[in-house]
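Enquirer: Just one file: my_file_12.txt, with compact mmCIF, C-alpha atoms.
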```txt
# COMPACT_ATOMS: atom_id res chain seq x y z
CA MET A 18 66.42 34.37 37.62
CA GLU A 19 64.62 33.11 34.53
CA GLY A 20 63.41 35.09 31.56
CA PRO A 21 61.98 34.84 28.04
CA GLY A 22 63.75 32.58 25.57
CA GLU A 23 65.05 30.19 28.22
CA PRO A 24 65.45 26.46 27.41
CA TYR A 25 63.78 23.79 29.54
CA PRO A 26 65.39 23.58 33.00
CA ALA A 27 68.60 21.59 32.55
CA ASP A 28 68.50 19.83 35.93
CA SER A 29 64.89 18.63 35.70
CA TRP A 30 64.22 14.90 35.54
CA TYR A 31 61.35 15.80 33.23
CA THR A 32 63.71 17.50 30.79
CA ALA A 33 66.02 14.48 30.90
CA THR A 34 63.17 12.10 30.05
CA ALA A 35 61.08 14.26 27.70
CA GLN A 36 59.65 13.01 24.41
CA ALA A 37 61.51 15.58 22.32
CA LEU A 38 59.44 18.00 20.24
CA ASP A 39 60.96 20.10 17.46
CA PRO A 40 60.82 23.85 18.19
CA PHE A 41 57.94 25.89 16.85
CA PRO A 42 58.88 29.13 15.02
CA ALA A 43 58.72 32.54 16.64
CA VAL A 44 56.26 35.12 15.36
CA ASP A 45 57.79 37.08 12.49
CA GLY A 46 55.89 40.31 11.94
CA ASP A 47 52.22 41.20 12.39
CA ILE A 48 49.60 38.44 12.14
CA LYS A 49 45.87 37.95 12.67
CA ALA A 50 43.74 35.12 14.05
CA ASP A 51 40.25 34.37 15.30
CA VAL A 52 41.68 33.57 18.75
CA ALA A 53 45.10 34.37 20.20
CA ILE A 54 46.29 32.53 23.31
CA VAL A 55 49.02 33.73 25.68
CA GLY A 56 50.84 30.81 27.29
CA GLY A 57 51.85 27.32 26.17
CA GLY A 58 50.95 25.35 29.28
CA PHE A 59 48.04 23.01 29.94
CA THR A 60 45.37 25.72 29.71
CA GLY A 61 46.61 27.33 26.51
CA LEU A 62 47.44 24.07 24.77
CA SER A 63 44.09 22.51 25.65
CA ALA A 64 42.23 25.61 24.45
CA ALA A 65 44.26 25.62 21.21
CA LEU A 66 43.59 21.94 20.60
CA HIS A 67 39.85 22.13 21.21
CA LEU A 68 39.45 25.31 19.16
CA ALA A 69 41.51 24.00 16.25
CA GLU A 70 39.52 20.76 16.22
CA ARG A 71 36.41 22.91 15.73
CA GLY A 72 37.88 24.79 12.77
CA VAL A 73 38.80 27.98 14.63
CA ASP A 74 41.90 29.84 13.41
CA VAL A 75 43.93 29.93 16.63
CA VAL A 76 47.42 31.25 17.39
CA LEU A 77 49.27 30.33 20.58
CA LEU A 78 52.18 32.47 21.82
CA GLU A 79 54.74 31.09 24.27
CA ALA A 80 57.67 33.15 25.59
CA ASN A 81 59.90 30.09 25.91
CA ARG A 82 58.98 26.53 24.88
CA VAL A 83 55.60 24.82 25.21
CA GLY A 84 55.35 23.22 28.64
CA TRP A 85 58.29 25.32 29.85
CA GLY A 86 56.51 26.79 32.89
CA ALA A 87 54.58 25.15 35.71
CA SER A 88 52.90 22.68 33.35
CA GLY A 89 56.22 21.00 32.62
CA ARG A 90 57.78 21.25 36.09
CA ASN A 91 55.14 20.27 38.65
CA GLY A 92 54.65 17.18 40.79
CA GLY A 93 52.49 15.48 38.17
CA GLN A 94 49.69 14.67 40.63
CA ILE A 95 46.08 14.25 39.52
CA HIS A 96 43.88 15.09 42.53
CA SER A 97 40.14 14.66 42.87
CA GLY A 98 37.95 17.68 43.49
CA GLN A 99 38.88 21.34 43.49
CA ARG A 100 41.84 22.86 45.34
CA ARG A 101 39.40 23.61 48.17
CA ASP A 102 37.51 20.66 49.63
CA VAL A 103 33.75 20.24 49.37
CA GLU A 104 33.20 21.48 52.91
CA TRP A 105 34.73 24.82 51.87
CA THR A 106 32.83 25.00 48.59
CA GLU A 107 29.56 24.14 50.32
CA ALA A 108 30.12 26.80 53.00
CA HIS A 109 31.15 29.54 50.54
CA LEU A 110 29.21 28.66 47.40
CA GLY A 111 26.29 26.49 48.48
CA VAL A 112 25.66 22.77 48.17
CA GLU A 113 24.37 22.75 44.60
CA ARG A 114 27.28 24.74 43.18
CA SER A 115 29.66 22.64 45.24
CA LYS A 116 28.29 19.51 43.61
CA ARG A 117 28.57 21.04 40.16
CA LEU A 118 32.19 21.97 40.87
CA TRP A 119 32.86 18.42 42.04
CA ALA A 120 31.34 17.13 38.81
CA LEU A 121 33.59 19.49 36.82
CA ALA A 122 36.62 18.15 38.68
CA GLU A 123 35.56 14.61 37.81
CA GLU A 124 35.22 15.75 34.20
CA SER A 125 38.73 17.18 34.50
CA LYS A 126 40.22 13.82 35.45
CA ALA A 127 38.30 12.13 32.65
CA LEU A 128 39.56 14.72 30.16
CA VAL A 129 43.19 14.10 31.17
CA ARG A 130 42.75 10.39 30.57
CA ASP A 131 40.83 10.98 27.33
CA LEU A 132 43.53 13.28 25.93
CA ILE A 133 46.18 10.69 26.74
CA ALA A 134 44.22 7.87 25.12
CA ARG A 135 42.90 9.80 22.11
CA HIS A 136 46.26 11.29 21.16
CA ASP A 137 48.44 8.37 22.26
CA ILE A 138 50.45 10.49 24.72
CA ASP A 139 53.25 8.55 26.42
CA CYS A 140 53.39 10.21 29.87
CA ASP A 141 53.62 7.41 32.45
CA LEU A 142 50.03 7.68 33.71
CA ARG A 143 49.44 5.67 36.92
CA ASP A 144 46.40 5.47 39.18
CA GLY A 145 46.20 6.04 42.90
CA LEU A 146 47.08 8.74 45.43
CA TYR A 147 47.36 8.94 49.22
CA ALA A 148 46.38 12.19 50.98
CA THR A 149 48.02 11.87 54.40
CA ALA A 150 47.41 13.45 57.81
CA HIS A 151 50.57 14.90 59.35
CA LYS A 152 48.79 15.75 62.64
CA LYS A 153 46.93 13.28 64.84
CA ARG A 154 44.15 15.79 65.43
CA PHE A 155 43.29 15.68 61.71
CA VAL A 156 42.43 11.97 61.71
CA GLU A 157 38.78 12.10 62.77
CA SER A 158 37.88 14.98 60.47
CA GLU A 159 39.58 13.22 57.53
CA LYS A 160 37.64 10.03 58.26
CA ARG A 161 34.42 12.03 58.25
CA TYR A 162 35.45 13.62 54.97
CA VAL A 163 35.77 10.18 53.36
CA GLU A 164 32.28 9.34 54.49
CA LYS A 165 30.94 12.67 53.22
CA LEU A 166 32.39 12.12 49.75
CA ARG A 167 30.96 8.63 49.60
CA ARG A 168 27.54 9.59 51.01
CA ASP A 169 26.87 13.09 49.61
CA TYR A 170 28.89 13.06 46.39
CA GLY A 171 28.62 9.41 45.43
CA TYR A 172 32.41 9.16 45.20
CA GLU A 173 33.31 5.64 46.27
CA ALA A 174 36.93 5.58 45.07
CA VAL A 175 38.13 6.87 48.46
CA GLU A 176 38.79 4.91 51.62
CA TRP A 177 40.48 5.64 54.94
CA VAL A 178 43.81 3.91 55.64
CA ASP A 179 45.00 3.62 59.25
CA GLN A 180 48.51 4.50 60.37
CA GLU A 181 50.11 1.05 60.20
CA PRO A 182 48.97 -0.01 56.72
CA LEU A 183 49.71 3.52 55.48
CA ALA A 184 53.27 3.28 56.79
CA ASP A 185 53.64 -0.04 54.99
CA ALA A 186 52.35 1.45 51.74
CA LEU A 187 54.45 4.63 51.86
CA GLY A 188 57.62 3.35 53.49
CA THR A 189 57.50 6.00 56.23
CA ASP A 190 55.79 6.06 59.63
CA VAL A 191 55.52 9.82 60.12
CA TYR A 192 51.83 10.07 59.19
CA TYR A 193 48.79 9.24 61.33
CA GLY A 194 46.67 7.81 58.54
CA GLY A 195 45.42 8.96 55.18
CA ILE A 196 42.88 8.82 52.39
CA HIS A 197 43.54 6.45 49.52
CA ASP A 198 41.98 7.76 46.32
CA ALA A 199 41.91 5.13 43.59
CA GLY A 200 40.40 7.66 41.17
CA ALA A 201 43.36 10.04 41.43
CA GLY A 202 46.84 9.41 40.06
CA HIS A 203 50.01 10.87 38.59
CA LEU A 204 51.85 11.37 35.30
CA HIS A 205 54.91 12.94 33.60
CA PRO A 206 53.57 16.49 33.16
CA LEU A 207 56.08 17.72 30.57
CA ASN A 208 55.41 14.77 28.28
CA PHE A 209 51.68 15.34 28.79
CA ALA A 210 52.07 18.98 27.74
CA LEU A 211 54.22 18.07 24.75
CA GLY A 212 51.65 15.50 23.68
CA ILE A 213 48.85 18.06 23.76
CA ALA A 214 51.05 20.45 21.76
CA ARG A 215 51.62 17.81 19.08
CA ALA A 216 47.90 17.18 18.87
CA ALA A 217 47.06 20.91 18.70
CA ALA A 218 49.56 21.51 15.91
CA ALA A 219 48.26 18.50 13.99
CA ALA A 220 44.73 19.91 14.32
CA GLY A 221 45.84 23.19 12.76
CA ALA A 222 46.74 25.44 15.70
CA ARG A 223 49.55 27.88 14.89
CA ILE A 224 52.02 27.63 17.77
CA HIS A 225 54.81 30.19 18.16
CA GLU A 226 57.58 29.78 20.75
CA THR A 227 60.21 32.28 21.99
CA THR A 228 57.60 35.01 21.48
CA GLU A 229 57.08 37.06 24.63
CA VAL A 230 53.85 39.04 25.01
CA THR A 231 54.61 42.40 26.59
CA ALA A 232 51.23 44.15 26.45
CA LEU A 233 47.55 43.75 25.67
CA GLU A 234 45.88 46.62 23.83
CA ASP A 235 42.10 46.75 24.07
CA GLY A 236 39.98 47.86 21.14
CA ALA A 237 37.37 46.63 18.70
CA MET A 238 39.82 43.76 18.19
CA PRO A 239 42.35 43.21 21.00
CA VAL A 240 46.02 43.31 20.06
CA LEU A 241 48.86 41.41 21.71
CA VAL A 242 52.14 43.26 21.51
CA THR A 243 55.07 40.84 21.35
CA THR A 244 58.81 41.16 21.05
CA ARG A 245 58.51 39.95 17.44
CA GLY A 246 55.35 41.53 16.09
CA ARG A 247 51.72 42.37 16.84
CA VAL A 248 48.96 39.77 16.94
CA THR A 249 45.40 40.95 16.31
CA ALA A 250 42.47 38.66 17.14
CA ASP A 251 38.75 38.67 17.72
CA THR A 252 39.38 37.10 21.13
CA VAL A 253 42.37 36.75 23.46
CA ILE A 254 42.80 34.03 26.08
CA LEU A 255 45.29 34.82 28.84
CA ALA A 256 46.71 31.47 29.92
CA GLY A 257 50.13 32.54 31.22
CA ASN A 258 49.26 31.78 34.87
CA GLY A 259 52.23 33.04 36.95
CA TYR A 260 53.92 34.64 33.93
CA LEU A 261 51.56 37.47 32.97
CA ASP A 262 53.73 40.34 34.20
CA GLY A 263 52.47 43.65 32.86
CA VAL A 264 49.91 42.12 30.50
CA GLU A 265 46.66 42.35 32.51
CA PRO A 266 46.99 44.38 35.75
CA ASP A 267 43.67 43.38 37.30
CA THR A 268 44.48 39.67 36.98
CA GLU A 269 47.97 40.32 38.38
CA SER A 270 46.39 41.81 41.49
CA ARG A 271 44.40 38.60 42.01
CA VAL A 272 46.84 35.90 40.84
CA MET A 273 50.12 35.61 42.72
CA PRO A 274 53.21 33.78 41.39
CA ILE A 275 55.11 31.63 43.88
CA ASN A 276 57.97 29.18 43.41
CA ASN A 277 58.02 25.53 44.40
CA TYR A 278 60.82 22.97 44.18
CA ILE A 279 61.29 19.28 43.40
CA LEU A 280 64.10 16.73 43.47
CA ALA A 281 64.57 13.27 42.03
CA THR A 282 66.80 10.78 43.79
CA GLU A 283 68.91 8.11 42.23
CA PRO A 284 66.89 4.89 41.64
CA VAL A 285 65.86 3.55 45.08
CA GLY A 286 63.22 0.98 44.12
CA ALA A 287 60.34 3.43 44.61
CA GLY A 288 57.07 2.03 43.29
CA GLN A 289 58.49 -1.48 43.19
CA ASP A 290 58.19 -4.54 45.43
CA GLY A 291 60.25 -4.03 48.56
CA GLY A 292 60.61 -0.27 48.01
CA ILE A 293 58.74 2.78 49.22
CA LEU A 294 55.38 3.53 47.57
CA LYS A 295 55.34 -0.13 46.60
CA GLY A 296 51.85 0.10 45.09
CA GLY A 297 52.98 2.79 42.67
CA GLU A 298 50.71 5.53 44.05
CA ALA A 299 51.58 9.19 44.54
CA ALA A 300 51.23 10.89 47.94
CA SER A 301 50.75 14.32 49.43
CA ASP A 302 50.18 15.57 52.97
CA SER A 303 48.06 17.98 54.98
CA ARG A 304 50.59 20.77 55.43
CA PHE A 305 49.48 24.16 54.13
CA ALA A 306 52.79 24.34 52.24
CA VAL A 307 52.21 20.80 51.05
CA TYR A 308 54.76 18.03 50.60
CA TYR A 309 54.08 15.78 47.60
CA TRP A 310 55.93 12.81 46.18
CA ARG A 311 55.65 9.88 43.83
CA PRO A 312 57.69 7.09 42.24
CA THR A 313 59.09 7.35 38.73
CA PRO A 314 59.03 4.41 36.29
CA ASP A 315 62.75 3.86 36.87
CA GLY A 316 62.33 3.63 40.65
CA ARG A 317 63.35 7.13 41.75
CA LEU A 318 61.63 9.14 44.47
CA LEU A 319 60.37 12.42 43.04
CA PHE A 320 59.76 14.70 46.04
CA GLY A 321 58.42 18.26 46.17
CA GLY A 322 58.59 20.68 49.09
CA GLY A 323 59.55 24.23 49.98
CA GLU A 324 58.39 27.54 48.55
CA THR A 325 59.85 30.99 47.87
CA TYR A 326 58.09 34.18 46.85
CA SER A 327 60.49 36.13 44.63
CA ARG A 328 61.59 35.47 41.06
CA ARG A 329 64.92 34.13 42.34
CA PHE A 330 65.40 30.44 43.06
CA PRO A 331 67.62 29.19 45.93
CA SER A 332 71.28 28.89 44.98
CA ASP A 333 71.28 25.19 45.98
CA VAL A 334 67.91 23.66 45.11
CA ARG A 335 69.11 20.14 46.00
CA SER A 336 69.84 21.07 49.60
CA PHE A 337 66.72 23.23 49.81
CA VAL A 338 64.39 20.33 48.97
CA ARG A 339 66.48 17.56 50.55
CA LYS A 340 65.91 18.91 54.08
CA HIS A 341 62.16 18.54 53.52
CA MET A 342 62.48 15.05 52.04
CA LEU A 343 64.51 13.85 55.04
CA LYS A 344 61.65 14.75 57.40
CA ILE A 345 59.62 12.07 55.63
CA TYR A 346 62.33 9.65 54.47
CA PRO A 347 65.34 9.92 56.81
CA GLN A 348 66.58 6.59 55.41
CA PHE A 349 67.67 8.48 52.29
CA ARG A 350 70.18 10.66 54.12
CA ASN A 351 73.04 9.22 52.06
CA THR A 352 71.08 8.80 48.83
CA ARG A 353 72.36 10.66 45.78
CA ILE A 354 70.14 13.43 44.41
CA ASP A 355 70.36 13.25 40.62
CA HIS A 356 68.01 16.12 39.70
CA ALA A 357 66.57 19.21 41.39
CA TRP A 358 64.62 22.08 39.87
CA GLY A 359 62.08 24.78 40.59
CA GLY A 360 59.11 26.34 38.89
CA THR A 361 56.64 29.19 39.20
CA LEU A 362 53.00 28.41 39.81
CA ALA A 363 50.23 30.83 40.72
CA VAL A 364 47.83 31.03 43.63
CA THR A 365 44.75 33.10 44.36
CA ALA A 366 43.68 34.40 47.76
CA SER A 367 40.79 31.92 47.79
CA ARG A 368 42.88 29.08 46.28
CA MET A 369 40.16 28.72 43.63
CA PRO A 370 41.05 29.32 39.98
CA ARG A 371 40.23 32.43 37.98
CA ILE A 372 38.51 31.13 34.83
CA ARG A 373 36.20 33.65 33.17
CA LYS A 374 35.46 36.32 30.62
CA LEU A 375 37.13 39.53 31.79
CA ARG A 376 35.57 41.86 29.22
CA THR A 377 34.57 41.81 25.57
CA GLY A 378 37.19 39.86 23.66
CA VAL A 379 39.36 38.92 26.67
CA TYR A 380 39.22 35.69 28.70
CA VAL A 381 41.50 34.26 31.39
CA GLY A 382 42.37 30.87 32.90
CA ALA A 383 44.88 31.09 35.77
CA GLY A 384 45.53 30.68 39.51
CA TYR A 385 45.23 26.91 39.90
CA SER A 386 47.01 26.98 43.27
CA GLY A 387 48.67 23.59 42.86
CA GLN A 388 45.74 21.82 41.18
CA GLY A 389 46.72 22.61 37.62
CA VAL A 390 47.43 19.11 36.32
CA THR A 391 43.78 18.27 36.91
CA ILE A 392 41.93 21.55 36.39
CA ALA A 393 43.96 23.47 33.77
CA PRO A 394 43.28 21.15 30.80
CA LEU A 395 39.55 21.42 31.50
CA ALA A 396 39.85 25.20 31.85
CA GLY A 397 41.23 25.29 28.31
CA LYS A 398 38.33 23.20 27.05
CA LEU A 399 35.75 25.32 28.91
CA LEU A 400 37.25 28.47 27.38
CA ALA A 401 37.08 26.85 23.95
CA ASP A 402 33.45 25.91 24.64
CA ALA A 403 32.67 29.49 25.66
CA LEU A 404 34.02 30.80 22.35
CA THR A 405 32.19 28.31 20.19
CA ASN A 406 28.92 26.80 21.29
CA ALA A 407 28.53 26.74 25.10
CA PRO A 408 29.25 30.03 26.91
CA GLY A 409 27.39 28.84 30.00
CA ARG A 410 30.08 26.22 30.67
CA LEU A 411 32.15 28.96 32.33
CA ASP A 412 29.45 30.01 34.77
CA ASP A 413 30.33 27.87 37.79
CA TYR A 414 33.94 29.03 37.76
CA ALA A 415 33.25 32.60 36.64
CA SER A 416 30.91 33.19 39.58
CA ILE A 417 33.56 32.28 42.19
CA PRO A 418 35.00 35.47 43.68
CA THR A 419 38.76 35.91 43.25
CA PRO A 420 39.51 38.84 45.54
CA GLN A 421 42.52 41.05 45.11
CA PHE A 422 45.45 40.37 47.38
CA PRO A 423 45.66 43.12 50.01
CA GLY A 424 47.61 45.96 48.46
CA GLY A 425 47.10 44.63 44.94
CA LYS A 426 50.11 43.66 42.82
CA TRP A 427 52.70 45.71 44.68
CA LEU A 428 51.97 44.58 48.25
CA ARG A 429 50.80 41.04 47.51
CA THR A 430 54.25 39.50 48.04
CA PRO A 431 54.91 40.78 51.60
CA THR A 432 51.30 40.01 52.50
CA LEU A 433 51.64 36.44 51.23
CA ILE A 434 54.99 35.97 52.96
CA ALA A 435 53.43 37.02 56.28
CA ALA A 436 50.51 34.64 55.75
CA MET A 437 52.73 31.72 54.70
CA THR A 438 55.01 32.28 57.70
CA TRP A 439 51.98 31.96 59.93
CA PHE A 440 50.76 28.81 58.21
CA ALA A 441 54.26 27.28 58.32
CA LEU A 442 54.28 27.90 62.07
CA ARG A 443 50.82 26.32 62.37
CA ASP A 444 52.06 23.25 60.44
CA ARG A 445 54.71 22.75 63.14
CA LEU A 446 52.36 23.12 66.13
```
Translate this structure into structure tokens?
Expert:
Amino acid sequence: MEGPGEPYPADSWYTATAQALDPFPAVDGDIKADVAIVGGGFTGLSAALHLAERGVDVVLLEANRVGWGASGRNGGQIHSGQRRDVEWTEAHLGVERSKRLWALAEESKALVRDLIARHDIDCDLRDGLYATAHKKRFVESEKRYVEKLRRDYGYEAVEWVDQEPLADALGTDVYYGGIHDAGAGHLHPLNFALGIARAAAAAGARIHETTEVTALEDGAMPVLVTTRGRVTADTVILAGNGYLDGVEPDTESRVMPINNYILATEPVGAGQDGGILKGGEAASDSRFAVYYWRPTPDGRLLFGGGETYSRRFPSDVRSFVRKHMLKIYPQFRNTRIDHAWGGTLAVTASRMPRIRKLRTGVYVGAGYSGQGVTIAPLAGKLLADALTNAPGRLDDYASIPTPQFPGGKWLRTPTLIAAMTWFALRDRL
């Protein structure tokens, strides 16, 4: 069980290889700002950076350390598109909006690369990602999807890879083929978050760590109640994702926290000649509860798989993830696991993010459903745009319905467990 004031996870490979950042002070008493942000992950840090660069007086409040949550614990994968594919967005939102959302996702990838280049962030950025088919029946539809992206969306960075060359590239023969996306990639997410934090602070953002927000009081000027004082602002941005307990009930009923887990092996030559993932790309698969993996610069396999739906993590995270890894790489049965950790992300019922104005003075960016490395930094920028000179930039996300989970906050967990049990069974069929 984790709570406010916790340090970075001790057993995370990201923690072990982080570009250390001195702590920011906690709030000490009542303060005011033009904009107050809840959450020091990609969304909040990006919003703080872009607002501060425009001369806005912005305060960011983080219950632990910046990058402590999902932003500093995830698989580090930069995917193309939204969490839902363009066939889903076309069917539910129409072709034109689908194309605008694709363009926003392309802008998201460009923003990640721009932030890294502009602020000299050392976060091991590498290009390339394989999206693999774990069922033979998926092959033809995935091939058609490649053609659709190339033909209808003008995205020519994707190509289909048949089973044999894919096995050679990945170092495993369990997949039936896959999409190679040269425009996607992967990075060290904690160092990326820390780099954005450095840039935001240098631009004038006031960042406060170990300051938990316990309530939001509406009024002519919203007030954030914290464990260390009250913060009054013209506008509040809720960017706590899966960590907004008790702060905004309506968002809680629509954004569900779940836990996911990752391990890092001892160095095995991953991403190097003669090793698995020899081209250096990341990979993920077509399971609903997705497996994802990538090489680290020092040749480790970083592998993610397995989910739980309470605040408690498994007692033995290494064993919990290792059983999933061995389904893909049985050759690592006797390989030492040097790191294993978990983190809390957030999903929506539609698997599309909730980025919008909630009411006068209150905005939200949350529910990235596993696509946060790509989409969350842009969400922060779009929220900054909305508060300065371009409110219409939120429209394409704000108009996407994010329905409540059945039963709202209190019944969402058993409902999700039932659904995920069904999808896990379907993955095995």
Enquirer: Please, what distance in Å, to one decimal, runs between CA of Gly93 (chain A) and CA of Gly202 (chain A)?
Expert: 8.5 Å
Enquirer: Give me, as a tab-separated table, each residue of region 74-162 of chain A that comes within 10 Å of region 19-28 of chain A, together with its shortest interatomic pair and the distance in Å at one decimal, counting all atoms listed in the file, with rows ordered by chain and rising residue number.
Expert:
```
residue	atom	partner	partner_atom	distance
A:Glu79	CA	A:Pro21	CA	9.0
A:Ala80	CA	A:Pro21	CA	5.2
A:Asn81	CA	A:Gly22	CA	4.6
A:Arg82	CA	A:Pro24	CA	6.9
A:Val83	CA	A:Tyr25	CA	9.3
A:Gly84	CA	A:Tyr25	CA	8.5
A:Trp85	CA	A:Tyr25	CA	5.7
A:Gly86	CA	A:Tyr25	CA	8.5
A:Gly89	CA	A:Tyr25	CA	8.6
A:Arg90	CA	A:Pro26	CA	8.5
```
Enquirer: Which is closer to Thr377 (chain A) than all the others in A:Ala134, A:Pro239, A:Arg223, A:Asp190, using all atoms listed in the file?
Expert: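 Closest to Thr377 (chain A), using all atoms listed in the file: A:Pro239.
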Enquirer: Would you mind telling me which residue in A:Phe59, A:Tyr309, A:Tyr193, A:Trp30 lies nearest to Tyr385 (chain A) when using all atoms listed in the file?
Expert: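 Checking each candidate against Tyr385 (chain A), we get A:Phe59 as the closest.
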Enquirer: Tell me which of A:Thr231, A:Ser88, A:Gln99, A:Ser158 sits closest to Gly263 (chain A), counting only C-alpha atoms.
Expert: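 Of all the options, A:Thr231 lies closest to Gly263 (chain A).
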Enquirer: Considering only C-alpha atoms, state which residue in the set A:Lys374, A:Lys126, A:Arg410, A:Lys398 is at the smallest distance from Val253 (chain A).
Expert: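 For Val253 (chain A), the nearest of the given residues is A:Lys374.
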